[in-house]
Amino acid sequence: MAVSFLAHEVSDLCLGKPALRSLSISATVGEALSALKKSEESYLSVWSCDHSSKEKPDFDDCRCVGKICMVDVICYLCEEENLSCPSSALKSPVSVLLPKTSGLVRHVEPHSSLLDAIDLILEGAQNIVVPIQTSSRKKHLHKTSFGPTLHNGREYCWITQEDVVRFLLSSIGLFSPIPALSIESLNIIGTEILAVNYHDPAITAVESIARSLNCLTSVAVVDGSGKLIGEISPFTLAVCDETVAAAIATLSAGDLMAYIDCGGPPEDLVRVVKARLKERKLEGMLELMEELSSCSSSSDEEYSSSPTEPLRGRVSRSRSGSYSARIIRRSEAIVCQPRSSLVAVMIQALAHRVGYVWVIEDDYSLAGNVTFPDILKVFREHLQVMNWSL
């Protein structure tokens with residue numbers, strides 16, 4: 001069993017995965033925003049080539065250079081000059097959204113081993129781009145055409161930290177007794193966490209939100225005694241629209257949690273945001289809120305009058321409003337305790353589609369968190385022992 005497990009390649013994790021649709025590095029923030037709203041995925045891959053160019057492009061070295069999501073757009077719009085004139089900010093090149101941290105996206109070949117993938121994640125990779133192995137017939141069909149999913153004559157997918165952890169969970173019995181050990185005994189509770197006080201202005205947490213996105217974690221919202229109240233999660237913000245930047249600029253961290261909670265922002269908070277935008281003379285952001293609110297209302301009326309409209313249509317247009325119907329996420333934090341077992345924490349994170357779980361004491365004081373890389377480090381060490389014993 002151990003031999004067959006160690007023989008797994010990254011291509012085994014690519015089965016059934018869709019081809020990545022690309023966004024060119026030459027696109028603008030506005031074009032990226034439009035593409036995100038039309039996408040069924042939270043993230044878009046950004047590539048070094050431009051498929052829309054009228055000139056014959058050179059795709060010999062077309063590479064994925066990064067990824068973006070709605071949180072990148074929101075954080076960018078929260079910058080002071082962009083709050084004043086969001087329309088100008090949307091004309092900026094998409095490169096301004098790419099994180100300065102290198103190595104978040106890595107390329108590998110399909111025959112690369114599972115151990116190689118885990119090592120890349122432990123080095124900081126979030127997404128591993130892999131060429132999709134296709135039949136000769138499919139290759140022939142795409143031979144002379146270039147689409148948004150085709151690069152260097154090949155289609156690509158990417159595997160995530162979640163994919164690798166889920167794959168390990170499917171063979172959890174091989175690692176006994178480690179999965180049953182507590183996260184405290186395994187010494188994987190991280191204490192370098194990002195947090196903001198419940199009453200602090202949400203705008204003070206923007207840098208932490210951006211950092212948490214780069215680490216696939218979240219920003220804890222705590223009270224004065226350090227007890228966990230909730231979180232401002234990139235996973236939740238990713239299914240909002242760009243006007244959340246206005247809420248971040250005008251609300252407290254506690255009110256922001258209520259604003260981004262599932263079901264859409266409460267009307268009283270929306271009125272508060274608009275009033276404060278007027279007070280600060282942020283007319284551009286106010287106009288953006290009014291414009292999207294108007295579009296959402298018109299869309300709701302159109303769809304409510306068409307009861308036979310397919311569910312897929314209703315879901316795909318939902319990003320024109322405040323929230324996506326693809327995922328329902330709350331601001332309530334996912335928590336465990338130091339005595340929780342490793343496998344229990346894995347199941348919690350995978351069930352809620354997050355890359356971390358907060359660790360709290362019995363009195364709800366925040367002890368730290370456990371992330372997917374923390375978990376993978378434990379399994380990597382065990383796999384190394386398995387490899388030596390063969």
# chains A, B, ... in the order shown; residues from 1 in each chain; ligands from 1
call {"tool": "select_by_dssp", "arguments": {"residues": "segment 95-310 of chain A", "states": "strand (DSSP E)", "output": "PDB file with N, CA and C atoms, in the first residue's frame"}}
result
ATOM      1  N   VAL A 105       2.158  30.549  -7.382  1.00  0.00           N
ATOM      2  CA  VAL A 105       1.733  29.664  -8.472  1.00  0.00           C
ATOM      3  C   VAL A 105       2.976  29.044  -9.090  1.00  0.00           C
ATOM      4  N   ARG A 106       2.998  27.719  -9.201  1.00  0.00           N
ATOM      5  CA  ARG A 106       4.159  27.011  -9.746  1.00  0.00           C
ATOM      6  C   ARG A 106       3.715  26.057 -10.855  1.00  0.00           C
ATOM      7  N   HIS A 107       4.582  25.886 -11.849  1.00  0.00           N
ATOM      8  CA  HIS A 107       4.330  24.950 -12.949  1.00  0.00           C
ATOM      9  C   HIS A 107       5.068  23.639 -12.707  1.00  0.00           C
ATOM     10  N   ASN A 127      -1.109  27.218  -5.656  1.00  0.00           N
ATOM     11  CA  ASN A 127      -1.676  26.545  -6.827  1.00  0.00           C
ATOM     12  C   ASN A 127      -0.542  25.974  -7.669  1.00  0.00           C
ATOM     13  N   ILE A 128      -0.712  24.734  -8.096  1.00  0.00           N
ATOM     14  CA  ILE A 128       0.295  24.066  -8.918  1.00  0.00           C
ATOM     15  C   ILE A 128      -0.322  23.800 -10.284  1.00  0.00           C
ATOM     16  N   VAL A 129       0.233  24.450 -11.300  1.00  0.00           N
ATOM     17  CA  VAL A 129      -0.312  24.377 -12.657  1.00  0.00           C
ATOM     18  C   VAL A 129       0.237  23.140 -13.362  1.00  0.00           C
ATOM     19  N   VAL A 130      -0.682  22.326 -13.898  1.00  0.00           N
ATOM     20  CA  VAL A 130      -0.307  21.043 -14.509  1.00  0.00           C
ATOM     21  C   VAL A 130      -0.937  20.939 -15.898  1.00  0.00           C
ATOM     22  N   PRO A 131      -0.147  20.555 -16.926  1.00  0.00           N
ATOM     23  CA  PRO A 131      -0.750  20.320 -18.250  1.00  0.00           C
ATOM     24  C   PRO A 131      -1.734  19.156 -18.184  1.00  0.00           C
ATOM     25  N   LEU A 150      -6.318  27.405 -23.886  1.00  0.00           N
ATOM     26  CA  LEU A 150      -5.223  26.727 -24.579  1.00  0.00           C
ATOM     27  C   LEU A 150      -3.962  27.580 -24.573  1.00  0.00           C
ATOM     28  N   HIS A 151      -2.863  27.016 -24.083  1.00  0.00           N
ATOM     29  CA  HIS A 151      -1.575  27.709 -24.004  1.00  0.00           C
ATOM     30  C   HIS A 151      -0.484  26.735 -24.426  1.00  0.00           C
ATOM     31  N   ARG A 154      -1.469  23.377 -25.334  1.00  0.00           N
ATOM     32  CA  ARG A 154      -1.950  22.448 -24.306  1.00  0.00           C
ATOM     33  C   ARG A 154      -2.958  23.157 -23.396  1.00  0.00           C
ATOM     34  N   GLU A 155      -3.800  22.358 -22.771  1.00  0.00           N
ATOM     35  CA  GLU A 155      -4.682  22.883 -21.735  1.00  0.00           C
ATOM     36  C   GLU A 155      -4.079  22.563 -20.374  1.00  0.00           C
ATOM     37  N   TYR A 156      -4.382  23.414 -19.415  1.00  0.00           N
ATOM     38  CA  TYR A 156      -3.818  23.256 -18.082  1.00  0.00           C
ATOM     39  C   TYR A 156      -4.924  23.283 -17.031  1.00  0.00           C
ATOM     40  N   CYS A 157      -4.675  22.630 -15.900  1.00  0.00           N
ATOM     41  CA  CYS A 157      -5.512  22.784 -14.727  1.00  0.00           C
ATOM     42  C   CYS A 157      -4.579  23.136 -13.577  1.00  0.00           C
ATOM     43  N   TRP A 158      -5.145  23.418 -12.410  1.00  0.00           N
ATOM     44  CA  TRP A 158      -4.245  23.560 -11.268  1.00  0.00           C
ATOM     45  C   TRP A 158      -4.793  22.798 -10.089  1.00  0.00           C
ATOM     46  N   ILE A 159      -3.861  22.315  -9.268  1.00  0.00           N
ATOM     47  CA  ILE A 159      -4.250  21.645  -8.037  1.00  0.00           C
ATOM     48  C   ILE A 159      -3.915  22.568  -6.875  1.00  0.00           C
ATOM     49  N   THR A 160      -4.728  22.487  -5.842  1.00  0.00           N
ATOM     50  CA  THR A 160      -4.612  23.397  -4.709  1.00  0.00           C
ATOM     51  C   THR A 160      -4.179  22.642  -3.458  1.00  0.00           C
ATOM     52  N   LEU A 194      -3.266  36.911  12.344  1.00  0.00           N
ATOM     53  CA  LEU A 194      -3.700  38.260  11.977  1.00  0.00           C
ATOM     54  C   LEU A 194      -5.026  38.533  12.678  1.00  0.00           C
ATOM     55  N   ALA A 195      -5.105  39.651  13.393  1.00  0.00           N
ATOM     56  CA  ALA A 195      -6.312  39.935  14.162  1.00  0.00           C
ATOM     57  C   ALA A 195      -6.618  41.427  14.177  1.00  0.00           C
ATOM     58  N   VAL A 196      -7.883  41.749  14.402  1.00  0.00           N
ATOM     59  CA  VAL A 196      -8.333  43.131  14.523  1.00  0.00           C
ATOM     60  C   VAL A 196      -9.383  43.177  15.631  1.00  0.00           C
ATOM     61  N   ASN A 197      -9.408  44.275  16.387  1.00  0.00           N
ATOM     62  CA  ASN A 197     -10.398  44.427  17.439  1.00  0.00           C
ATOM     63  C   ASN A 197     -11.775  44.684  16.835  1.00  0.00           C
ATOM     64  N   VAL A 219      -8.560  36.919   8.933  1.00  0.00           N
ATOM     65  CA  VAL A 219      -8.290  37.909   9.969  1.00  0.00           C
ATOM     66  C   VAL A 219      -9.275  37.683  11.115  1.00  0.00           C
ATOM     67  N   ALA A 220      -8.753  37.357  12.285  1.00  0.00           N
ATOM     68  CA  ALA A 220      -9.609  37.122  13.451  1.00  0.00           C
ATOM     69  C   ALA A 220     -10.147  38.448  13.968  1.00  0.00           C
ATOM     70  N   VAL A 221     -11.410  38.448  14.366  1.00  0.00           N
ATOM     71  CA  VAL A 221     -12.015  39.612  15.024  1.00  0.00           C
ATOM     72  C   VAL A 221     -12.159  39.254  16.500  1.00  0.00           C
ATOM     73  N   VAL A 222     -11.485  40.006  17.363  1.00  0.00           N
ATOM     74  CA  VAL A 222     -11.429  39.667  18.785  1.00  0.00           C
ATOM     75  C   VAL A 222     -11.952  40.826  19.633  1.00  0.00           C
ATOM     76  N   LEU A 228     -12.115  35.259  20.667  1.00  0.00           N
ATOM     77  CA  LEU A 228     -12.536  35.239  19.262  1.00  0.00           C
ATOM     78  C   LEU A 228     -14.036  35.484  19.138  1.00  0.00           C
ATOM     79  N   ILE A 229     -14.388  36.492  18.337  1.00  0.00           N
ATOM     80  CA  ILE A 229     -15.803  36.811  18.085  1.00  0.00           C
ATOM     81  C   ILE A 229     -16.231  36.324  16.704  1.00  0.00           C
ATOM     82  N   GLY A 230     -15.375  36.482  15.742  1.00  0.00           N
ATOM     83  CA  GLY A 230     -15.673  36.094  14.366  1.00  0.00           C
ATOM     84  C   GLY A 230     -14.445  36.296  13.514  1.00  0.00           C
ATOM     85  N   GLU A 231     -14.643  36.506  12.232  1.00  0.00           N
ATOM     86  CA  GLU A 231     -13.512  36.686  11.337  1.00  0.00           C
ATOM     87  C   GLU A 231     -13.911  37.513  10.123  1.00  0.00           C
ATOM     88  N   ILE A 232     -12.900  38.126   9.503  1.00  0.00           N
ATOM     89  CA  ILE A 232     -13.059  38.746   8.186  1.00  0.00           C
ATOM     90  C   ILE A 232     -12.272  37.853   7.248  1.00  0.00           C
TER      91      ILE A 232
END
call {"tool": "residues_around", "arguments": {"residues": "segment 200-203 of chain A", "least_positions_apart": "6", "cutoff": "12 Å", "atoms": "only C-alpha atoms", "output": "NGL selection string"}}
result
:A and (74-80 or 83 or 209-210 or 219-224 or 231-232 or 244-259)
call {"tool": "write_last_selection", "arguments": {"atoms": "N, CA and C atoms", "output": "tab-separated table (two decimals), in the first residue's frame"}}
result
chain	number	residue	atom	x	y	z
A	74	ILE	N	-11.05	44.25	-4.27
A	74	ILE	CA	-11.58	44.99	-3.12
A	74	ILE	C	-10.47	45.71	-2.37
A	75	CYS	N	-9.37	45.01	-2.09
A	75	CYS	CA	-8.25	45.63	-1.37
A	75	CYS	C	-7.65	46.77	-2.18
A	76	TYR	N	-7.58	46.61	-3.49
A	76	TYR	CA	-7.03	47.67	-4.35
A	76	TYR	C	-7.93	48.91	-4.32
A	77	LEU	N	-9.23	48.69	-4.35
A	77	LEU	CA	-10.17	49.81	-4.32
A	77	LEU	C	-10.18	50.50	-2.95
A	78	CYS	N	-9.70	49.82	-1.92
A	78	CYS	CA	-9.66	50.41	-0.58
A	78	CYS	C	-8.51	51.41	-0.40
A	79	GLU	N	-7.58	51.43	-1.35
A	79	GLU	CA	-6.51	52.43	-1.27
A	79	GLU	C	-7.12	53.81	-1.41
A	80	GLU	N	-6.59	54.77	-0.66
A	80	GLU	CA	-7.22	56.08	-0.52
A	80	GLU	C	-7.53	56.75	-1.85
A	83	LEU	N	-10.46	54.97	-3.61
A	83	LEU	CA	-11.77	55.23	-3.03
A	83	LEU	C	-12.36	56.51	-3.59
A	209	ILE	N	-5.98	41.76	5.65
A	209	ILE	CA	-6.81	40.99	4.72
A	209	ILE	C	-5.98	40.54	3.52
A	210	ALA	N	-5.17	41.47	2.98
A	210	ALA	CA	-4.32	41.12	1.84
A	210	ALA	C	-3.30	40.06	2.22
A	219	VAL	N	-8.56	36.92	8.93
A	219	VAL	CA	-8.29	37.91	9.97
A	219	VAL	C	-9.28	37.68	11.11
A	220	ALA	N	-8.75	37.36	12.29
A	220	ALA	CA	-9.61	37.12	13.45
A	220	ALA	C	-10.15	38.45	13.97
A	221	VAL	N	-11.41	38.45	14.37
A	221	VAL	CA	-12.02	39.61	15.02
A	221	VAL	C	-12.16	39.25	16.50
A	222	VAL	N	-11.49	40.01	17.36
A	222	VAL	CA	-11.43	39.67	18.78
A	222	VAL	C	-11.95	40.83	19.63
A	223	ASP	N	-12.31	40.50	20.88
A	223	ASP	CA	-12.70	41.56	21.81
A	223	ASP	C	-11.47	42.04	22.58
A	224	GLY	N	-11.68	42.92	23.54
A	224	GLY	CA	-10.57	43.51	24.28
A	224	GLY	C	-9.74	42.52	25.06
A	231	GLU	N	-14.64	36.51	12.23
A	231	GLU	CA	-13.51	36.69	11.34
A	231	GLU	C	-13.91	37.51	10.12
A	232	ILE	N	-12.90	38.13	9.50
A	232	ILE	CA	-13.06	38.75	8.19
A	232	ILE	C	-12.27	37.85	7.25
A	244	VAL	N	-17.98	46.22	-1.57
A	244	VAL	CA	-17.59	45.94	-0.19
A	244	VAL	C	-16.44	46.86	0.22
A	245	ALA	N	-15.69	47.36	-0.76
A	245	ALA	CA	-14.62	48.32	-0.45
A	245	ALA	C	-15.19	49.53	0.27
A	246	ALA	N	-16.39	49.95	-0.10
A	246	ALA	CA	-17.04	51.09	0.56
A	246	ALA	C	-17.38	50.76	2.00
A	247	ALA	N	-17.80	49.52	2.26
A	247	ALA	CA	-18.12	49.10	3.63
A	247	ALA	C	-16.85	49.03	4.48
A	248	ILE	N	-15.78	48.53	3.90
A	248	ILE	CA	-14.51	48.46	4.62
A	248	ILE	C	-14.03	49.87	4.99
A	249	ALA	N	-14.25	50.81	4.09
A	249	ALA	CA	-13.77	52.18	4.31
A	249	ALA	C	-14.58	52.94	5.34
A	250	THR	N	-15.80	52.48	5.64
A	250	THR	CA	-16.70	53.28	6.48
A	250	THR	C	-17.19	52.60	7.75
A	251	LEU	N	-17.06	51.28	7.86
A	251	LEU	CA	-17.61	50.55	9.00
A	251	LEU	C	-16.52	50.07	9.96
A	252	SER	N	-16.95	49.66	11.13
A	252	SER	CA	-16.04	49.00	12.07
A	252	SER	C	-15.86	47.55	11.64
A	253	ALA	N	-14.87	46.88	12.21
A	253	ALA	CA	-14.64	45.48	11.88
A	253	ALA	C	-15.87	44.64	12.25
A	254	GLY	N	-16.48	44.94	13.39
A	254	GLY	CA	-17.67	44.19	13.80
A	254	GLY	C	-18.83	44.38	12.85
A	255	ASP	N	-19.07	45.63	12.44
A	255	ASP	CA	-20.16	45.90	11.50
A	255	ASP	C	-19.87	45.28	10.12
A	256	LEU	N	-18.60	45.25	9.75
A	256	LEU	CA	-18.25	44.65	8.46
A	256	LEU	C	-18.60	43.17	8.45
A	257	MET	N	-18.40	42.47	9.58
A	257	MET	CA	-18.78	41.06	9.64
A	257	MET	C	-20.25	40.88	9.32
A	258	ALA	N	-21.09	41.76	9.88
A	258	ALA	CA	-22.53	41.68	9.61
A	258	ALA	C	-22.83	42.02	8.15
A	259	TYR	N	-22.09	42.94	7.60
A	259	TYR	CA	-22.31	43.41	6.22
A	259	TYR	C	-22.04	42.29	5.21
call {"tool": "residues_around", "arguments": {"residues": "Leu237 of chain A", "least_positions_apart": "2", "cutoff": "9 Å", "atoms": "only C-alpha atoms", "output": "JSON, numbers by chain"}}
result
{"A": [70, 71, 74, 232, 233, 234, 235, 239, 240, 241, 244, 260]}
call {"tool": "write_last_selection", "arguments": {"atoms": "N, CA, C and O atoms", "output": "JSON list (two decimals), in the first residue's frame"}}
result
[["chain", "number", "residue", "atom", "x", "y", "z"],
["A", 70, "MET", "N", -11.73, 38.30, -6.27],
["A", 70, "MET", "CA", -12.45, 39.53, -5.94],
["A", 70, "MET", "C", -11.79, 40.27, -4.77],
["A", 70, "MET", "O", -11.84, 41.50, -4.70],
["A", 71, "VAL", "N", -11.16, 39.53, -3.87],
["A", 71, "VAL", "CA", -10.51, 40.17, -2.71],
["A", 71, "VAL", "C", -9.38, 41.08, -3.16],
["A", 71, "VAL", "O", -9.16, 42.15, -2.57],
["A", 74, "ILE", "N", -11.05, 44.25, -4.27],
["A", 74, "ILE", "CA", -11.58, 44.99, -3.12],
["A", 74, "ILE", "C", -10.47, 45.71, -2.37],
["A", 74, "ILE", "O", -10.58, 46.90, -2.04],
["A", 232, "ILE", "N", -12.90, 38.13, 9.50],
["A", 232, "ILE", "CA", -13.06, 38.75, 8.19],
["A", 232, "ILE", "C", -12.27, 37.85, 7.25],
["A", 232, "ILE", "O", -11.04, 37.87, 7.24],
["A", 233, "SER", "N", -12.98, 37.04, 6.52],
["A", 233, "SER", "CA", -12.34, 35.98, 5.75],
["A", 233, "SER", "C", -12.29, 36.30, 4.26],
["A", 233, "SER", "O", -13.30, 36.67, 3.66],
["A", 234, "PRO", "N", -11.11, 36.14, 3.63],
["A", 234, "PRO", "CA", -11.04, 36.27, 2.17],
["A", 234, "PRO", "C", -11.96, 35.29, 1.45],
["A", 234, "PRO", "O", -12.44, 35.58, 0.36],
["A", 235, "PHE", "N", -12.23, 34.14, 2.07],
["A", 235, "PHE", "CA", -13.12, 33.15, 1.46],
["A", 235, "PHE", "C", -14.55, 33.71, 1.37],
["A", 235, "PHE", "O", -15.30, 33.38, 0.46],
["A", 239, "VAL", "N", -16.77, 36.10, -2.55],
["A", 239, "VAL", "CA", -18.06, 35.94, -3.21],
["A", 239, "VAL", "C", -18.93, 37.19, -3.07],
["A", 239, "VAL", "O", -20.12, 37.17, -3.36],
["A", 240, "CYS", "N", -18.31, 38.28, -2.62],
["A", 240, "CYS", "CA", -18.99, 39.57, -2.59],
["A", 240, "CYS", "C", -18.69, 40.33, -3.88],
["A", 240, "CYS", "O", -18.03, 39.81, -4.77],
["A", 241, "ASP", "N", -19.18, 41.57, -3.98],
["A", 241, "ASP", "CA", -18.81, 42.38, -5.13],
["A", 241, "ASP", "C", -17.89, 43.51, -4.69],
["A", 241, "ASP", "O", -17.55, 43.64, -3.51],
["A", 244, "VAL", "N", -17.98, 46.22, -1.57],
["A", 244, "VAL", "CA", -17.59, 45.94, -0.19],
["A", 244, "VAL", "C", -16.44, 46.86, 0.22],
["A", 244, "VAL", "O", -16.24, 47.12, 1.41],
["A", 260, "ILE", "N", -20.98, 41.50, 5.44],
["A", 260, "ILE", "CA", -20.59, 40.48, 4.47],
["A", 260, "ILE", "C", -21.17, 39.11, 4.78],
["A", 260, "ILE", "O", -20.90, 38.15, 4.06]]
call {"tool": "select_by_dssp", "arguments": {"residues": "segment 59-138 of chain A", "states": "helix (DSSP H, G or I)", "output": "PyMOL selection string"}}
result
chain A and resi 70-77+80-84+86-89+94-97+114-122+136-138
call {"tool": "atom_distance", "arguments": {"atom1": "atom CA of Leu286 of chain A", "atom2": "atom CA of Arg271 of chain A"}}
result
11.0 Å
call {"tool": "residues_around", "arguments": {"residues": "Glu361 of chain A", "least_positions_apart": "6", "cutoff": "9 Å", "atoms": "only C-alpha atoms", "output": "PDB file with C-alpha atoms, in the first residue's frame"}}
result
ATOM      1  CA  CYS A 336     -11.306  23.607  17.193  1.00  0.00           C
ATOM      2  CA  GLN A 337      -9.404  23.105  20.446  1.00  0.00           C
ATOM      3  CA  PRO A 338      -5.789  22.099  21.166  1.00  0.00           C
ATOM      4  CA  ALA A 367      -4.695  30.216  20.893  1.00  0.00           C
TER       5      ALA A 367
END
call {"tool": "closest_atom_pairs", "arguments": {"of": "segment 46-114 of chain A", "to": "segment 16-29 of chain A", "cutoff": "12 Å", "atoms": "only C-alpha atoms", "output": "tab-separated table"}}
result
residue	atom	partner	partner_atom	distance
A:Val46	CA	A:Leu23	CA	4.7
A:Trp47	CA	A:Ser24	CA	5.1
A:Ser48	CA	A:Ile25	CA	5.5
A:Cys49	CA	A:Ser24	CA	5.9
A:Asp50	CA	A:Ser24	CA	5.1
A:His51	CA	A:Ser24	CA	7.4
A:Ser52	CA	A:Ser24	CA	8.5
A:Ser53	CA	A:Ser26	CA	9.8
A:Cys62	CA	A:Ser24	CA	10.1
A:Arg63	CA	A:Ser22	CA	10.1
A:Cys64	CA	A:Ser22	CA	8.3
A:Val65	CA	A:Ile25	CA	8.2
A:Gly66	CA	A:Ile25	CA	9.2
A:Lys67	CA	A:Leu23	CA	9.0
A:Ile68	CA	A:Leu23	CA	9.5
A:Cys69	CA	A:Val29	CA	10.9
A:Met70	CA	A:Val29	CA	10.5
A:Asp72	CA	A:Val29	CA	9.7
A:Val73	CA	A:Val29	CA	7.4
A:Ile74	CA	A:Val29	CA	10.8
A:Tyr76	CA	A:Val29	CA	9.4
A:Leu77	CA	A:Val29	CA	10.1
A:Asn82	CA	A:Val29	CA	12.0
A:Pro86	CA	A:Val29	CA	10.5
A:Ser87	CA	A:Val29	CA	10.1
A:Ser88	CA	A:Val29	CA	9.8
A:Ala89	CA	A:Val29	CA	7.4
A:Leu90	CA	A:Val29	CA	4.8
A:Lys91	CA	A:Thr28	CA	5.6
A:Ser92	CA	A:Thr28	CA	5.5
A:Pro93	CA	A:Thr28	CA	4.3
A:Val94	CA	A:Val29	CA	4.7
A:Ser95	CA	A:Ile25	CA	6.3
A:Val96	CA	A:Val29	CA	8.1
A:Leu97	CA	A:Val29	CA	7.7
A:Leu98	CA	A:Ile25	CA	9.7
call {"tool": "write_last_selection", "arguments": {"atoms": "N, CA and C atoms", "output": "compact mmCIF listing (two decimals), in the first residue's frame"}}
result
# COMPACT_ATOMS: atom_id res chain seq x y z
N VAL A 46 -3.81 34.26 -14.34
CA VAL A 46 -3.29 35.33 -15.18
C VAL A 46 -2.08 34.79 -15.93
N TRP A 47 -2.10 34.98 -17.26
CA TRP A 47 -1.06 34.39 -18.11
C TRP A 47 -0.25 35.47 -18.82
N SER A 48 0.96 35.09 -19.19
CA SER A 48 1.89 36.05 -19.80
C SER A 48 1.58 36.35 -21.25
N CYS A 49 0.67 35.58 -21.86
CA CYS A 49 0.34 35.78 -23.27
C CYS A 49 -1.03 36.45 -23.42
N ASP A 50 -1.27 37.02 -24.60
CA ASP A 50 -2.53 37.71 -24.88
C ASP A 50 -3.21 37.06 -26.06
N HIS A 51 -4.21 36.24 -25.80
CA HIS A 51 -4.91 35.51 -26.87
C HIS A 51 -5.79 36.43 -27.72
N SER A 52 -6.11 37.60 -27.20
CA SER A 52 -7.00 38.50 -27.93
C SER A 52 -6.25 39.43 -28.88
N SER A 53 -4.91 39.35 -28.86
CA SER A 53 -4.12 40.24 -29.70
C SER A 53 -4.36 39.95 -31.18
N CYS A 62 4.19 30.60 -22.99
CA CYS A 62 3.04 31.19 -22.31
C CYS A 62 2.92 30.53 -20.94
N ARG A 63 3.01 31.33 -19.89
CA ARG A 63 3.01 30.78 -18.54
C ARG A 63 2.00 31.50 -17.65
N CYS A 64 1.49 30.75 -16.69
CA CYS A 64 0.64 31.35 -15.67
C CYS A 64 1.55 32.09 -14.70
N VAL A 65 1.34 33.39 -14.58
CA VAL A 65 2.22 34.22 -13.76
C VAL A 65 1.58 34.60 -12.42
N GLY A 66 0.35 34.18 -12.20
CA GLY A 66 -0.30 34.50 -10.94
C GLY A 66 -1.79 34.21 -10.99
N LYS A 67 -2.47 34.60 -9.94
CA LYS A 67 -3.92 34.42 -9.87
C LYS A 67 -4.52 35.62 -9.15
N ILE A 68 -5.78 35.89 -9.44
CA ILE A 68 -6.48 36.99 -8.79
C ILE A 68 -7.88 36.54 -8.39
N CYS A 69 -8.46 37.23 -7.42
CA CYS A 69 -9.83 36.99 -7.03
C CYS A 69 -10.46 38.32 -6.65
N MET A 70 -11.73 38.30 -6.27
CA MET A 70 -12.45 39.53 -5.94
C MET A 70 -11.79 40.27 -4.77
N ASP A 72 -8.65 40.69 -4.20
CA ASP A 72 -7.59 41.54 -4.74
C ASP A 72 -8.16 42.87 -5.22
N VAL A 73 -9.29 42.79 -5.91
CA VAL A 73 -9.94 44.01 -6.41
C VAL A 73 -10.43 44.88 -5.25
N ILE A 74 -11.05 44.25 -4.27
CA ILE A 74 -11.58 44.99 -3.12
C ILE A 74 -10.47 45.71 -2.37
N TYR A 76 -7.58 46.61 -3.49
CA TYR A 76 -7.03 47.67 -4.35
C TYR A 76 -7.93 48.91 -4.32
N LEU A 77 -9.23 48.69 -4.35
CA LEU A 77 -10.17 49.81 -4.32
C LEU A 77 -10.18 50.50 -2.95
N ASN A 82 -7.95 55.38 -4.69
CA ASN A 82 -8.92 54.61 -5.47
C ASN A 82 -10.34 54.74 -4.91
N PRO A 86 -12.87 55.36 -8.10
CA PRO A 86 -12.79 53.94 -8.48
C PRO A 86 -12.81 53.71 -9.99
N SER A 87 -13.46 54.60 -10.73
CA SER A 87 -13.52 54.42 -12.20
C SER A 87 -12.12 54.48 -12.81
N SER A 88 -11.27 55.35 -12.28
CA SER A 88 -9.89 55.43 -12.76
C SER A 88 -9.10 54.20 -12.34
N ALA A 89 -9.35 53.72 -11.12
CA ALA A 89 -8.65 52.54 -10.61
C ALA A 89 -8.92 51.32 -11.48
N LEU A 90 -10.14 51.22 -12.00
CA LEU A 90 -10.51 50.06 -12.82
C LEU A 90 -9.81 50.06 -14.18
N LYS A 91 -9.20 51.19 -14.54
CA LYS A 91 -8.46 51.27 -15.81
C LYS A 91 -6.99 50.86 -15.64
N SER A 92 -6.57 50.61 -14.42
CA SER A 92 -5.18 50.22 -14.16
C SER A 92 -4.92 48.82 -14.70
N PRO A 93 -3.65 48.49 -15.01
CA PRO A 93 -3.34 47.14 -15.49
C PRO A 93 -3.56 46.10 -14.40
N VAL A 94 -3.95 44.91 -14.79
CA VAL A 94 -4.24 43.86 -13.82
C VAL A 94 -3.01 43.49 -13.00
N SER A 95 -1.85 43.82 -13.50
CA SER A 95 -0.61 43.49 -12.77
C SER A 95 -0.56 44.13 -11.39
N VAL A 96 -1.31 45.24 -11.17
CA VAL A 96 -1.31 45.89 -9.86
C VAL A 96 -2.00 45.01 -8.81
N LEU A 97 -2.78 44.03 -9.26
CA LEU A 97 -3.48 43.14 -8.33
C LEU A 97 -2.64 41.94 -7.92
N LEU A 98 -1.62 41.62 -8.70
CA LEU A 98 -0.83 40.44 -8.42
C LEU A 98 0.02 40.66 -7.16
call {"tool": "closest_residue", "arguments": {"among": "A:Asp363, A:Glu41, A:Glu162, A:Glu184", "to": "Gly226 of chain A", "atoms": "only C-alpha atoms"}}
result
A:Asp363
call {"tool": "residues_around", "arguments": {"residues": "Val164 of chain A", "least_positions_apart": "3", "cutoff": "12 Å", "atoms": "only C-alpha atoms", "output": "MDAnalysis selection string"}}
result
chainID A and resid 8:14 113:122 126:128 158:161 167:171 346 350 355 372:373 375:377 379:380
call {"tool": "atom_distance", "arguments": {"atom1": "atom CA of Val359 of chain A", "atom2": "atom CA of Gly103 of chain A"}}
result
27.7 Å
call {"tool": "closest_residue", "arguments": {"among": "A:Val385, A:Ser112, A:Met285, A:Arg211", "to": "Lys100 of chain A", "atoms": "only C-alpha atoms"}}
result
A:Arg211
